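> Sharing entry_30.csv below, CSV, C-alpha atoms:
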```csv
chain,number,residue,atom,x,y,z
A,1,MET,CA,115.9,128.4,42.8
A,2,LYS,CA,113.0,130.7,42.3
A,3,TYR,CA,110.0,129.5,40.2
A,4,ASP,CA,107.5,131.5,38.3
A,5,TYR,CA,104.7,129.1,39.2
A,6,LEU,CA,104.1,126.5,41.9
A,7,ILE,CA,101.5,124.0,40.7
A,8,VAL,CA,99.9,121.8,43.3
A,9,GLY,CA,98.8,118.4,41.8
A,10,ALA,CA,100.0,116.5,38.8
A,11,GLY,CA,96.7,115.4,37.4
A,12,PHE,CA,95.1,116.8,34.2
A,13,ALA,CA,94.6,120.3,35.4
A,14,GLY,CA,98.1,120.7,36.9
A,15,SER,CA,100.0,118.9,34.2
A,16,VAL,CA,98.3,120.7,31.3
A,17,MET,CA,98.8,124.1,33.0
A,18,ALA,CA,102.5,123.2,33.7
A,19,GLU,CA,103.1,122.2,30.1
A,20,ARG,CA,101.5,125.4,28.7
A,21,LEU,CA,103.3,127.7,31.0
A,22,ALA,CA,106.7,126.1,30.3
A,23,SER,CA,106.4,125.6,26.5
A,24,GLN,CA,104.4,128.7,25.6
A,25,MET,CA,105.6,131.3,28.1
A,26,ASP,CA,109.0,129.9,29.0
A,27,LYS,CA,108.0,130.0,32.7
A,28,LYS,CA,109.9,128.0,35.4
A,29,VAL,CA,107.4,125.6,36.9
A,30,LEU,CA,107.5,123.4,40.0
A,31,VAL,CA,104.8,120.7,40.2
A,32,VAL,CA,104.2,119.2,43.7
A,33,GLU,CA,102.3,116.0,44.0
A,34,LYS,CA,101.4,114.3,47.2
A,35,ARG,CA,101.0,110.8,45.7
A,36,ASN,CA,104.0,108.8,44.5
A,37,HIS,CA,103.0,109.2,40.8
A,38,ILE,CA,102.0,111.7,38.2
A,39,ALA,CA,98.7,111.5,36.1
A,40,GLY,CA,96.2,111.9,39.0
A,41,ASN,CA,93.3,109.4,38.8
A,42,ALA,CA,94.2,108.7,35.2
A,43,TYR,CA,97.3,106.9,36.4
A,44,ASP,CA,97.9,103.5,34.8
A,45,GLU,CA,100.6,100.9,35.1
A,46,TYR,CA,101.5,97.3,34.3
A,47,ASP,CA,100.5,95.0,37.1
A,48,GLU,CA,102.7,92.0,38.2
A,49,HIS,CA,101.1,89.9,35.5
A,50,GLY,CA,102.0,92.3,32.7
A,51,ILE,CA,98.4,93.7,32.3
A,52,LEU,CA,98.0,97.5,31.8
A,53,VAL,CA,95.5,98.5,34.5
A,54,HIS,CA,93.8,101.8,35.4
A,55,ARG,CA,94.6,102.0,39.1
A,56,TYR,CA,91.7,104.4,39.9
A,57,GLY,CA,89.0,102.9,37.7
A,58,PRO,CA,88.5,103.1,33.9
A,59,HIS,CA,89.4,106.4,32.2
A,60,ILE,CA,87.8,106.5,28.8
A,61,PHE,CA,88.9,109.4,26.6
A,62,HIS,CA,86.0,110.9,24.6
A,63,THR,CA,85.5,114.4,23.4
A,64,ASN,CA,83.7,116.5,20.8
A,65,SER,CA,86.5,119.2,21.1
A,66,LYS,CA,89.0,119.2,18.2
A,67,LYS,CA,91.1,121.6,20.3
A,68,VAL,CA,91.3,119.2,23.2
A,69,PHE,CA,92.0,116.2,21.0
A,70,GLU,CA,94.7,118.0,19.0
A,71,TYR,CA,96.3,119.4,22.1
A,72,LEU,CA,96.7,115.9,23.8
A,73,SER,CA,97.8,114.4,20.4
A,74,GLN,CA,101.1,116.2,20.9
A,75,PHE,CA,101.9,113.8,23.7
A,76,THR,CA,100.5,110.4,22.6
A,77,GLU,CA,99.5,108.3,19.7
A,78,TRP,CA,95.9,106.9,19.9
A,79,ILE,CA,94.1,103.6,19.4
A,80,PRO,CA,90.4,103.8,18.5
A,81,TYR,CA,88.2,102.6,21.4
A,82,GLU,CA,84.4,102.9,21.8
A,83,HIS,CA,83.3,102.0,25.4
A,84,LYS,CA,80.3,99.7,25.9
A,85,VAL,CA,78.7,98.9,29.1
A,86,LEU,CA,76.2,96.2,30.2
A,87,ALA,CA,74.1,96.1,33.3
A,88,LYS,CA,73.6,92.9,35.2
A,89,LEU,CA,70.1,92.5,36.5
A,90,ASN,CA,68.7,89.2,37.9
A,91,GLY,CA,71.4,87.2,36.1
A,92,SER,CA,70.8,88.8,32.6
A,93,LEU,CA,72.8,91.5,30.8
A,94,TYR,CA,71.3,94.6,29.3
A,95,PRO,CA,72.8,97.5,27.3
A,96,ILE,CA,73.4,100.7,29.3
A,97,PRO,CA,72.6,103.6,28.6
A,98,ILE,CA,69.0,102.3,28.2
A,99,ASN,CA,68.1,101.9,24.5
A,100,ARG,CA,65.7,100.0,22.3
A,101,LEU,CA,67.5,96.7,22.9
A,102,THR,CA,67.3,97.1,26.6
A,103,VAL,CA,63.6,97.7,26.5
A,104,ASN,CA,62.9,94.9,24.0
A,105,LYS,CA,64.9,92.3,26.1
A,106,LEU,CA,63.6,93.4,29.5
A,107,TYR,CA,59.9,93.6,28.6
A,108,ASN,CA,59.8,91.1,25.8
A,109,LYS,CA,58.8,93.7,23.3
A,110,ASN,CA,59.6,93.8,19.6
A,111,PHE,CA,60.0,97.6,18.9
A,112,THR,CA,61.7,98.2,15.6
A,113,THR,CA,61.4,102.0,15.3
A,114,GLU,CA,62.6,104.9,17.5
A,115,LYS,CA,59.0,106.2,17.6
A,116,GLU,CA,57.7,103.0,19.2
A,117,VAL,CA,60.3,103.3,21.9
A,118,SER,CA,59.6,107.0,22.4
A,119,ASP,CA,55.8,106.2,22.6
A,120,TYR,CA,56.6,103.5,25.2
A,121,PHE,CA,58.6,105.9,27.3
A,122,GLU,CA,55.8,108.5,27.0
A,123,SER,CA,53.3,105.9,28.2
A,124,VAL,CA,55.3,104.9,31.3
A,125,ARG,CA,57.0,108.1,32.4
A,126,GLU,CA,55.7,110.1,35.4
A,127,LYS,CA,55.5,113.7,34.6
A,128,ARG,CA,57.4,115.6,37.3
A,129,TYR,CA,57.8,119.3,37.4
A,130,PRO,CA,59.9,121.0,38.5
A,131,ILE,CA,62.9,118.6,38.2
A,132,LEU,CA,64.5,118.9,41.6
A,133,ASN,CA,66.7,115.8,41.9
A,134,SER,CA,68.1,112.7,40.2
A,135,GLU,CA,65.0,110.6,40.8
A,136,ASP,CA,62.8,113.2,39.1
A,137,ILE,CA,65.0,113.5,36.0
A,138,ILE,CA,64.9,109.7,35.3
A,139,VAL,CA,61.3,109.0,36.3
A,140,ASN,CA,60.3,111.9,34.2
A,141,GLN,CA,62.0,110.3,31.2
A,142,VAL,CA,61.4,106.5,31.6
A,143,GLY,CA,59.1,105.9,34.5
A,144,VAL,CA,59.4,104.2,37.9
A,145,ASP,CA,60.2,100.6,36.8
A,146,LEU,CA,63.3,101.4,34.7
A,147,PHE,CA,64.4,103.9,37.3
A,148,GLU,CA,64.2,101.2,40.1
A,149,LYS,CA,65.9,98.5,38.0
A,150,PHE,CA,68.8,100.5,36.5
A,151,PHE,CA,69.3,103.7,38.5
A,152,ARG,CA,68.0,103.6,42.1
A,153,TYR,CA,70.2,101.0,43.8
A,154,TYR,CA,73.3,101.6,41.6
A,155,THR,CA,73.1,105.3,42.6
A,156,LYS,CA,72.5,104.5,46.2
A,157,LYS,CA,75.6,102.3,46.3
A,158,GLN,CA,77.7,104.9,44.4
A,159,TRP,CA,76.7,107.9,46.6
A,160,ASN,CA,75.3,106.4,49.8
A,161,LEU,CA,72.3,108.7,49.1
A,162,GLU,CA,69.0,108.0,47.4
A,163,PRO,CA,68.7,109.6,44.0
A,164,ARG,CA,66.1,112.0,45.3
A,165,GLU,CA,68.8,113.4,47.7
A,166,LEU,CA,71.2,114.2,44.7
A,167,ASN,CA,71.3,117.0,42.2
A,168,PRO,CA,69.6,116.2,38.9
A,169,SER,CA,73.0,116.4,37.1
A,170,VAL,CA,74.1,113.1,38.7
A,171,CYS,CA,71.7,110.7,36.9
A,172,GLY,CA,71.0,113.3,34.2
A,173,ARG,CA,74.6,112.7,32.8
A,174,ILE,CA,73.4,109.3,31.5
A,175,PRO,CA,71.4,109.6,28.3
A,176,VAL,CA,68.3,107.5,27.5
A,177,ARG,CA,68.1,106.4,23.9
A,178,THR,CA,65.3,105.3,21.5
A,179,ASN,CA,67.7,103.7,19.0
A,180,ASP,CA,69.9,100.6,19.3
A,181,ASP,CA,73.3,102.5,19.7
A,182,CYS,CA,75.1,100.6,22.5
A,183,ARG,CA,78.1,102.9,22.8
A,184,TYR,CA,78.3,104.5,26.2
A,185,PHE,CA,79.5,107.8,24.5
A,186,THR,CA,78.6,109.3,21.2
A,187,ASP,CA,81.4,111.9,21.0
A,188,LYS,CA,83.3,112.5,17.7
A,189,TYR,CA,86.7,111.6,19.2
A,190,GLN,CA,86.8,108.3,21.1
A,191,PHE,CA,90.3,106.9,21.6
A,192,MET,CA,92.7,105.6,24.2
A,193,PRO,CA,96.4,106.7,24.6
A,194,LYS,CA,98.4,104.0,22.7
A,195,ASP,CA,100.9,103.5,25.5
A,196,GLY,CA,98.6,104.5,28.4
A,197,TYR,CA,97.9,107.7,30.3
A,198,THR,CA,101.0,107.7,32.5
A,199,LYS,CA,103.3,107.8,29.4
A,200,MET,CA,101.2,110.6,28.0
A,201,PHE,CA,101.7,112.6,31.2
A,202,GLU,CA,105.4,111.8,31.2
A,203,LYS,CA,105.7,113.5,27.8
A,204,MET,CA,103.6,116.4,28.9
A,205,LEU,CA,105.8,117.1,31.9
A,206,SER,CA,109.1,116.4,30.2
A,207,HIS,CA,109.8,120.1,29.4
A,208,LYS,CA,113.2,121.4,30.7
A,209,ASN,CA,111.4,124.2,32.5
A,210,ILE,CA,109.3,121.8,34.6
A,211,GLU,CA,110.4,120.1,37.8
A,212,VAL,CA,108.2,117.5,39.5
A,213,ILE,CA,108.3,116.5,43.2
A,214,LEU,CA,106.3,113.5,44.3
A,215,ASN,CA,105.3,112.2,47.7
A,216,THR,CA,105.1,115.8,49.0
A,217,ASP,CA,102.4,117.9,50.6
A,218,TYR,CA,102.9,121.4,49.2
A,219,LYS,CA,102.2,122.9,52.7
A,220,ASP,CA,105.4,121.1,53.9
A,221,ILE,CA,107.6,123.0,51.5
A,222,LEU,CA,105.9,126.4,51.2
A,223,ASP,CA,108.5,128.0,53.5
A,224,ASP,CA,111.4,126.5,51.6
A,225,ILE,CA,110.6,127.6,48.0
A,226,LYS,CA,110.3,130.9,46.2
A,227,PHE,CA,107.6,131.4,43.6
A,228,ASP,CA,105.5,134.2,42.1
A,229,LYS,CA,102.1,132.5,41.6
A,230,MET,CA,100.3,129.3,42.5
A,231,ILE,CA,98.0,127.1,40.5
A,232,TYR,CA,96.1,125.0,43.0
A,233,THR,CA,94.3,121.8,41.8
A,234,GLY,CA,93.9,120.1,45.2
A,235,PRO,CA,90.8,120.1,47.4
A,236,ILE,CA,89.7,123.7,48.1
A,237,ASP,CA,88.7,123.0,51.7
A,238,TYR,CA,92.2,121.7,52.5
A,239,PHE,CA,93.7,124.9,51.1
A,240,PHE,CA,91.7,126.9,53.6
A,241,ASP,CA,92.4,124.4,56.5
A,242,TYR,CA,88.8,123.3,56.5
A,243,GLN,CA,87.7,126.6,58.1
A,244,PHE,CA,84.1,126.2,56.8
A,245,GLY,CA,84.0,122.5,57.3
A,246,LYS,CA,85.1,119.5,55.3
A,247,LEU,CA,83.6,119.0,51.8
A,248,PRO,CA,82.6,115.3,51.5
A,249,TYR,CA,83.7,113.1,48.6
A,250,ARG,CA,83.0,109.6,47.5
A,251,SER,CA,86.0,107.3,47.0
A,252,ILE,CA,86.3,103.8,45.7
A,253,ARG,CA,88.0,100.7,47.1
A,254,PHE,CA,89.2,98.4,44.4
A,255,MET,CA,89.5,94.6,44.6
A,256,TRP,CA,91.9,93.3,42.0
A,257,GLU,CA,91.8,89.7,40.6
A,258,THR,CA,93.8,88.1,37.9
A,259,PHE,CA,92.6,85.0,36.0
A,260,ASP,CA,94.6,82.5,34.0
A,261,LYS,CA,92.4,82.8,30.9
A,262,GLU,CA,92.1,85.2,28.0
A,263,TYR,CA,88.9,87.0,29.1
A,264,PHE,CA,86.8,87.1,32.2
A,265,GLN,CA,83.7,88.8,30.8
A,266,GLU,CA,82.3,89.6,27.4
A,267,ILE,CA,82.8,93.4,27.6
A,268,ALA,CA,85.0,96.0,29.4
A,269,GLN,CA,82.5,97.0,32.0
A,270,ILE,CA,79.5,95.4,33.6
A,271,ASN,CA,77.5,97.5,36.1
A,272,TYR,CA,75.7,95.7,38.9
A,273,THR,CA,72.5,97.6,39.3
A,274,GLY,CA,70.6,95.3,41.8
A,275,LYS,CA,70.6,96.0,45.5
A,276,ASP,CA,72.1,92.7,46.5
A,277,ASP,CA,75.6,93.3,45.1
A,278,ASP,CA,77.7,95.6,47.2
A,279,TYR,CA,80.0,96.5,44.4
A,280,THR,CA,79.0,98.8,41.5
A,281,ARG,CA,80.9,97.5,38.6
A,282,VAL,CA,83.5,95.0,37.3
A,283,VAL,CA,86.0,96.3,34.8
A,284,GLU,CA,88.2,94.1,32.7
A,285,HIS,CA,91.2,96.3,31.8
A,286,LYS,CA,92.6,94.5,28.8
A,287,TYR,CA,89.6,95.7,26.7
A,288,LEU,CA,90.6,99.3,27.4
A,289,SER,CA,94.1,99.0,26.0
A,290,GLY,CA,93.5,96.4,23.3
A,291,GLN,CA,96.3,94.3,24.9
A,292,LYS,CA,96.7,90.7,23.9
A,293,ALA,CA,97.6,88.3,26.7
A,294,ASN,CA,96.8,84.8,28.0
A,295,MET,CA,95.8,86.2,31.4
A,296,THR,CA,93.4,88.9,32.4
A,297,THR,CA,92.9,91.3,35.3
A,298,ILE,CA,89.7,92.7,36.6
A,299,SER,CA,88.8,95.3,39.3
A,300,LYS,CA,85.6,95.3,41.4
A,301,GLU,CA,84.6,98.8,42.7
A,302,TYR,CA,83.2,99.3,46.2
A,303,PRO,CA,82.2,102.9,46.8
A,304,THR,CA,83.3,104.3,50.2
A,305,PHE,CA,83.8,107.6,52.1
A,306,ASN,CA,87.5,106.7,52.9
A,307,GLY,CA,90.3,107.1,50.5
A,308,GLU,CA,91.3,109.4,47.6
A,309,PRO,CA,88.7,112.0,46.8
A,310,PHE,CA,87.0,110.9,43.6
A,311,TYR,CA,83.5,112.4,43.3
A,312,PRO,CA,82.3,115.6,44.8
A,313,ILE,CA,78.8,114.9,46.2
A,314,PRO,CA,76.5,117.4,44.5
A,315,ASN,CA,73.7,118.4,46.8
A,316,GLU,CA,72.5,121.8,48.1
A,317,ASN,CA,74.2,121.7,51.5
A,318,ASN,CA,77.7,120.8,50.0
A,319,GLN,CA,77.2,123.5,47.3
A,320,GLU,CA,76.6,126.1,50.0
A,321,ILE,CA,79.8,125.1,51.8
A,322,PHE,CA,81.8,125.2,48.6
A,323,MET,CA,80.5,128.7,47.7
A,324,ARG,CA,81.9,130.0,51.0
A,325,TYR,CA,85.3,128.6,50.0
A,326,LYS,CA,84.9,130.0,46.5
A,327,LYS,CA,84.2,133.4,47.9
A,328,GLU,CA,87.4,133.2,50.0
A,329,SER,CA,89.4,132.0,47.0
A,330,GLU,CA,88.4,135.0,45.0
A,331,LYS,CA,90.1,137.3,47.5
A,332,ILE,CA,93.5,135.7,46.7
A,333,LYS,CA,94.9,137.3,43.6
A,334,ASP,CA,98.1,135.2,43.1
A,335,VAL,CA,96.5,131.8,43.3
A,336,ILE,CA,94.4,130.2,40.6
A,337,PHE,CA,92.0,127.4,41.7
A,338,THR,CA,91.3,124.9,38.9
A,339,GLY,CA,90.2,121.3,38.4
A,340,ARG,CA,87.7,118.9,39.9
A,341,LEU,CA,88.8,119.2,43.5
A,342,ALA,CA,89.5,122.9,43.6
A,343,GLU,CA,86.1,123.6,41.9
A,344,TYR,CA,84.2,120.8,43.7
A,345,LYS,CA,82.7,119.8,40.4
A,346,TYR,CA,82.5,116.5,38.5
A,347,TYR,CA,84.4,117.1,35.3
A,348,ASN,CA,85.2,114.6,32.5
A,349,MET,CA,88.9,114.5,31.5
A,350,ASP,CA,88.3,116.4,28.3
A,351,GLN,CA,86.3,119.1,30.2
A,352,VAL,CA,89.3,119.5,32.6
A,353,VAL,CA,91.7,119.9,29.7
A,354,ALA,CA,89.4,122.4,27.9
A,355,ASN,CA,88.9,124.3,31.1
A,356,THR,CA,92.6,124.4,31.9
A,357,LEU,CA,93.4,125.6,28.3
A,358,ASN,CA,90.9,128.4,28.7
A,359,GLN,CA,92.4,129.3,32.1
A,360,PHE,CA,95.8,129.4,30.5
A,361,GLU,CA,94.6,131.7,27.7
A,362,LYS,CA,93.3,134.1,30.3
A,363,LEU,CA,96.8,134.3,31.8
```
Translate the structure of the given file into structure tokens.


Amino acid sequence: MKYDYLIVGAGFAGSVMAERLASQMDKKVLVVEKRNHIAGNAYDEYDEHGILVHRYGPHIFHTNSKKVFEYLSQFTEWIPYEHKVLAKLNGSLYPIPINRLTVNKLYNKNFTTEKEVSDYFESVREKRYPILNSEDIIVNQVGVDLFEKFFRYYTKKQWNLEPRELNPSVCGRIPVRTNDDCRYFTDKYQFMPKDGYTKMFEKMLSHKNIEVILNTDYKDILDDIKFDKMIYTGPIDYFFDYQFGKLPYRSIRFMWETFDKEYFQEIAQINYTGKDDDYTRVVEHKYLSGQKANMTTISKEYPTFNGEPFYPIPNENNQEIFMRYKKESEKIKDVIFTGRLAEYKYYNMDQVVANTLNQFEKL
């Protein structure tokens, strides 16, 4: 059979593009996925204790885009969910992102207005200009002590680099607040798919024009299939056989534990920001789905260089390598490179969906 499009990867970028091409343009689409499941890193499943777990870490849906929310709403019902995170430091828990409650508890203050908190940050911040890296961006906002306590060691564990070795965007993604809003995100739409992400992807890919092959490297079948165009969502360096060198990624090793009690911790996610813990965070998955059960499952995350590529490492050297691949990719007219791995860029889920919908509209 001949396909109009070969799509490499069944994560958000590949699946959204497949669904649009099939449903809106009546194209025949083959999706090839090297893992044994669809949904990319958003994949979730019920573990052996019946708890719905996010196998690649917590995926929290949040967006300000009505277009993205309405698009995905075709494939799932939603349950409201606002993510909250605490940071564990010297045995105590503090709200993250840093806000008025964090500052009051940590420094035994009694600030009651946003102005007091703002004035406090102004008094401790270290004016840095220009902002060249992730240390600069935080120290410039809240000073050295808060940077050391909440950002430095967590970032070092996460990336195996000091914050000063990373692009400002890494730590700059995390807001600093002067109010007592403890939500991790403030987006208009904050929900979780009612039956999980995998079910949502199943519906997205259920169109009669879409065929999905799992456990398959697309390079192994290129000679056996006919297609007009390719949508490539895999690592861009792999596409070009690493001709300019390998682009590095951080991955995560998960340690799973199940406890015979209703809850393990008081909130979905606790970050471990001190230098003595070698894991970055503990996630209790029941909170994410709202599931009721007498048992509970947690995951501890240990960042590593080995494993599935999770996070592109944003620094100058890696960006230079990527730009060489990007230049090569622009010479190929019948392949569209899209998604986190193909663009070597950290995207949130809603950003990937928005980006893919825009790419589709250009087609």

> Can you pull out the residues contacting Val212 (chain A)? Cut-off 8 Å, using only C-alpha atoms, and skip same-chain residues under 3 positions away; I want them as a CSV table (one decimal) with C-alpha atoms, in the frame of the given file.


```
chain,number,residue,atom,x,y,z
A,30,LEU,CA,107.5,123.4,40.0
A,31,VAL,CA,104.8,120.7,40.2
A,32,VAL,CA,104.2,119.2,43.7
A,33,GLU,CA,102.3,116.0,44.0
A,205,LEU,CA,105.8,117.1,31.9
```

> Using all atoms listed in the file, pick whichever of A:Val103, A:Met1, A:Ile7, A:Ala293 has the shortest atom-to-atom distance to Asp334 (chain A).

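Nearest to Asp334 (chain A): A:Ile7.
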
> Tell me, as a PDB file with C-alpha atoms, in the coordinates of the input, which residues lie within 10 Å of Tyr263 (chain A), counting all atoms listed in the file; anything in the same chain fewer than 3 positions away does not count.


```
ATOM      1  CA  PHE A 259      92.600  85.000  36.000  1.00  0.00           C
ATOM      2  CA  ASP A 260      94.600  82.500  34.000  1.00  0.00           C
ATOM      3  CA  GLU A 266      82.300  89.600  27.400  1.00  0.00           C
ATOM      4  CA  ILE A 267      82.800  93.400  27.600  1.00  0.00           C
ATOM      5  CA  ALA A 268      85.000  96.000  29.400  1.00  0.00           C
ATOM      6  CA  GLU A 284      88.200  94.100  32.700  1.00  0.00           C
ATOM      7  CA  HIS A 285      91.200  96.300  31.800  1.00  0.00           C
ATOM      8  CA  LYS A 286      92.600  94.500  28.800  1.00  0.00           C
ATOM      9  CA  TYR A 287      89.600  95.700  26.700  1.00  0.00           C
ATOM     10  CA  ALA A 293      97.600  88.300  26.700  1.00  0.00           C
ATOM     11  CA  ASN A 294      96.800  84.800  28.000  1.00  0.00           C
ATOM     12  CA  MET A 295      95.800  86.200  31.400  1.00  0.00           C
ATOM     13  CA  THR A 296      93.400  88.900  32.400  1.00  0.00           C
ATOM     14  CA  THR A 297      92.900  91.300  35.300  1.00  0.00           C
ATOM     15  CA  ILE A 298      89.700  92.700  36.600  1.00  0.00           C
TER      16      ILE A 298
END
```

> Between A:Lys300, A:Lys203, A:Arg250, A:Lys219, which one has atoms that come closest to Val16 (chain A), using all atoms listed in the file?

A:Lys203

> May I ask which of the residues A:Phe12, A:Phe227, A:Trp159, A:Phe254 is the closest one to Thr338 (chain A), counting all atoms listed in the file?

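Of A:Phe12, A:Phe227, A:Trp159, A:Phe254, the one nearest Thr338 (chain A), counting all atoms listed in the file, is A:Phe12.
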
> Have a look at CA of Phe61 (chain A) and CA of Thr155 (chain A) and let me know their distance in Å, one decimal.

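Atom-to-atom, CA of Phe61 (chain A) to CA of Thr155 (chain A), that is 22.9 Å.
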
> Could you name the residues that touch Leu288 (chain A) at 10 Å or less, counting all atoms listed in the file, but leaving out those on the same chain fewer than 4 positions away, as a list in words?

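Answer for this query is Leu52, Val53, His54, Pro58, His59, Ile60, Ile79, Pro80, Tyr81, Glu82, His83, Phe191, Met192, Pro193, Gly196, Ile267, Ala268, Gln269, Val283 and Glu284 of chain A.
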
> Can you pull out the residues contacting region 303-311 of chain A? Cut-off 6 Å, using all atoms listed in the file, and skip same-chain residues under 2 positions away; I want them as a PyMOL selection string.

chain A and resi 158+249-252

> Quote the spacing between CA of Asp119 (chain A) and CA of Ile137 (chain A) in Å to one decimal place.

17.8 Å

> One decimal, in Å: what's the spacing between CA of Ile321 (chain A) and CA of Val335 (chain A)?

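Those two atoms sit 19.9 Å apart.
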
> So, with only C-alpha atoms as the atoms that count, which of A:Leu146, A:Val124, A:Leu222, A:Met17 lies closest to Leu106 (chain A)?

A:Leu146

> Would you be able to write out as number ranges by chain which residues have an atom within 7 Å of (76.0, 98.9, 27.0) in the file's coordinates, counting all atoms listed in the file?

A: 84-86, 94-97, 182-184

> Is there a way to get, as a PyMOL selection string, all residues within 12 Å of the point (92.3, 130.6, 29.3) in file coordinates, counting all atoms listed in the file?

chain A and resi 16-17+20-21+336+338+352-363

> Find the residues near region 109-112 of chain A: any atom within 12 Å, counting all atoms listed in the file, skip ones fewer than 3 places away on the same chain, and give them as a PyMOL selection string.

chain A and resi 99-106+115-121+178-180

> Using only C-alpha atoms, pick whichever of A:Tyr218, A:Arg340, A:Lys88, A:Met323 has the shortest atom-to-atom distance to Met230 (chain A).

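Smallest separation from Met230 (chain A) among the options: A:Tyr218.
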
> Let me make sure I understand: among A:Leu93, A:Ile332, A:Leu341, A:Ala87, which one has the smallest atom-to-atom distance to Gly9 (chain A) if we use all atoms listed in the file?

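Among the listed residues, A:Leu341 lies closest to Gly9 (chain A).
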